[in-house]
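Encoded as structure tokens, the structure appears first; notes follow it.
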Amino acid sequence: MKKSIIIAFLLLTATLVKAQVWVGGQVNITKGKSDAVDGLHTKTRVFKFLPEVGYVLNDKWDLAVSIGVDYSHAKLTTGGKKRRSAFVLEPYARYKVYENGTIGFFVDGGLSVENGDFFYNGTYYKSETMYGVGIRPGVKYNATDNLSFVATFGGLGVNHVQDETNVGFNFNGNALTVGAYYTFK
């Protein structure tokens, strides 16, 4: 029995050594003020830190998971507010639309689970869990064989917390994330 466990462990280790595993993460830090079409002003602050680890399945697909924190606050001049402070878990699959040696374009599709405190226009959810699903486009720049820089912008998704469901098509300045990855080859 011990020999079987040792052989299984060695085979798994040998498989992972040959596998392309990458580590890195993304950061989103913004503070801004914007004017909406109806003349309302919005002040926003966002801090999101998501370290992640991924596995290259083949030339077209990667699997990854991000684990981190998300803090965001939006305040309207009319008094409306949105606030979030949460622990984040985001498993996703990355489909590589186009890639040459240096540049690549991809689409991430995945799930999001956030646990923390949420405030939406007068309703406060303490220690709640928000669930979501969505897709987001991105671009990747391979600086070396092992080092890559990525950026994702916006997305289309659905999220749900307690009795509120939000569907969104988010392509504004607060939806930009940048990151770096190191691939073990």
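Order determines the names: the first chain of the structure tokens is A, the second B, and so forth; residues in each chain are numbered 1 upward, and ligands are numbered 1 upward as they are shown.
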Could you find all residues in segment 15-129 of chain A that DSSP calls alpha helix (DSSP H) from the backbone, and write them as a PyMOL selection string? chain A and resi 15-18
Serialized selection, N, CA, C and O atoms, as a PDB file, in the first residue's frame:
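File produced: selection06.pdb:
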```pdb
ATOM      1  N   THR A  15       4.050  14.931 -13.335  1.00  0.00           N
ATOM      2  CA  THR A  15       3.073  15.587 -14.213  1.00  0.00           C
ATOM      3  C   THR A  15       3.057  17.086 -13.966  1.00  0.00           C
ATOM      4  O   THR A  15       3.056  17.878 -14.905  1.00  0.00           O
ATOM      5  N   LEU A  16       3.064  17.503 -12.711  1.00  0.00           N
ATOM      6  CA  LEU A  16       3.021  18.932 -12.400  1.00  0.00           C
ATOM      7  C   LEU A  16       4.311  19.645 -12.782  1.00  0.00           C
ATOM      8  O   LEU A  16       4.290  20.810 -13.161  1.00  0.00           O
ATOM      9  N   VAL A  17       5.443  18.954 -12.711  1.00  0.00           N
ATOM     10  CA  VAL A  17       6.705  19.584 -13.086  1.00  0.00           C
ATOM     11  C   VAL A  17       6.703  19.909 -14.581  1.00  0.00           C
ATOM     12  O   VAL A  17       7.178  20.948 -15.005  1.00  0.00           O
ATOM     13  N   LYS A  18       6.146  19.036 -15.395  1.00  0.00           N
ATOM     14  CA  LYS A  18       6.078  19.277 -16.829  1.00  0.00           C
ATOM     15  C   LYS A  18       4.954  20.237 -17.191  1.00  0.00           C
ATOM     16  O   LYS A  18       4.954  20.810 -18.259  1.00  0.00           O
TER      17      LYS A  18
END
```
Residues within 6 Å of Phe49 of chain A, please, as number ranges by chain. Count only C-alpha atoms; anything in the same chain fewer than 4 positions from it doesn't count. A: 27, 68-69
Identify, on the basis of only C-alpha atoms, every residue whose closest approach to Gly157 of chain A does not exceed 7 Å; exclude the query and any residue fewer than 4 positions from it along the same chain; express the result as a PyMOL selection string. chain A and resi 133-135+167-169
Restricting the output to C-alpha atoms, write the selected residues as a compact mmCIF listing (two decimals), in the first residue's frame.
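Saved the output as result_29.txt:
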```txt
# COMPACT_ATOMS: atom_id res chain seq x y z
CA VAL A 133 -21.18 34.62 -13.00
CA GLY A 134 -19.71 36.57 -15.87
CA ILE A 135 -17.29 37.05 -18.73
CA VAL A 167 -27.27 42.30 -14.28
CA GLY A 168 -24.48 44.44 -15.62
CA PHE A 169 -22.55 45.42 -18.69
```
Run DSSP on the backbone and tell me which residues of segment 18-182 of chain A come out as strand (DSSP E or B); list them as an NGL selection string. :A and (21-35 or 41-56 or 61-76 or 81-99 or 103-120 or 123-142 or 147-153 or 155-161 or 164-170 or 176-182)
Which of these residues is nearest to Lys60 of chain A, using only C-alpha atoms: A:Leu111, A:Leu147, A:Val178, A:Ala93?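 Ranking A:Leu111, A:Leu147, A:Val178, A:Ala93 by distance to Lys60 of chain A, first place goes to A:Ala93.
Computed from the coordinates, the atom CA of Phe87 of chain A to atom CA of Asp70 of chain A distance equals 6.5 Å.
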When you count only C-alpha atoms, which of these residues is closest to Gly101 of chain A: A:Lys185, A:Lys33, A:Arg45, A:Lys140?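 Looking only at the distances to Gly101 of chain A, the closest residue turns out to be A:Lys140.
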Exercise: Glu52 of chain A partners within 12 Å, only C-alpha atoms, chain neighbours under 6 positions left out, as a list of chain:residue names: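 So the residues in contact are A:Val21, A:Trp22, A:Val23, A:Gly24, A:Gly25, A:Gln26, A:Val27, A:Leu63, A:Ala64, A:Val65, A:Ser66, A:Ile67, A:Gly68, A:Val69, A:Val88, A:Leu89, A:Glu90, A:Pro91, A:Tyr92, A:Gly179, A:Ala180, A:Tyr181, A:Tyr182, A:Thr183.
If only C-alpha atoms are the atoms counted, then among A:Val139, A:Ile29, A:Val107, A:Val161 the closest residue to Phe47 of chain A is A:Ile29.
Residue nearest Ile103 of chain A, chosen from A:Arg136, A:Tyr124, A:Val150, A:Ser72 and counting only C-alpha atoms: A:Val150.
You can rank A:Asn28, A:Gln20, A:Ser148, A:Thr42 by their closest distance to Asp62 of chain A using only C-alpha atoms, and at the top of that list sits A:Gln20.
Between Glu99 of chain A and the residues A:Asn142, A:Ser127, A:Lys81, A:Phe118, the shortest atom-to-atom distance, using only C-alpha atoms, involves A:Asn142.
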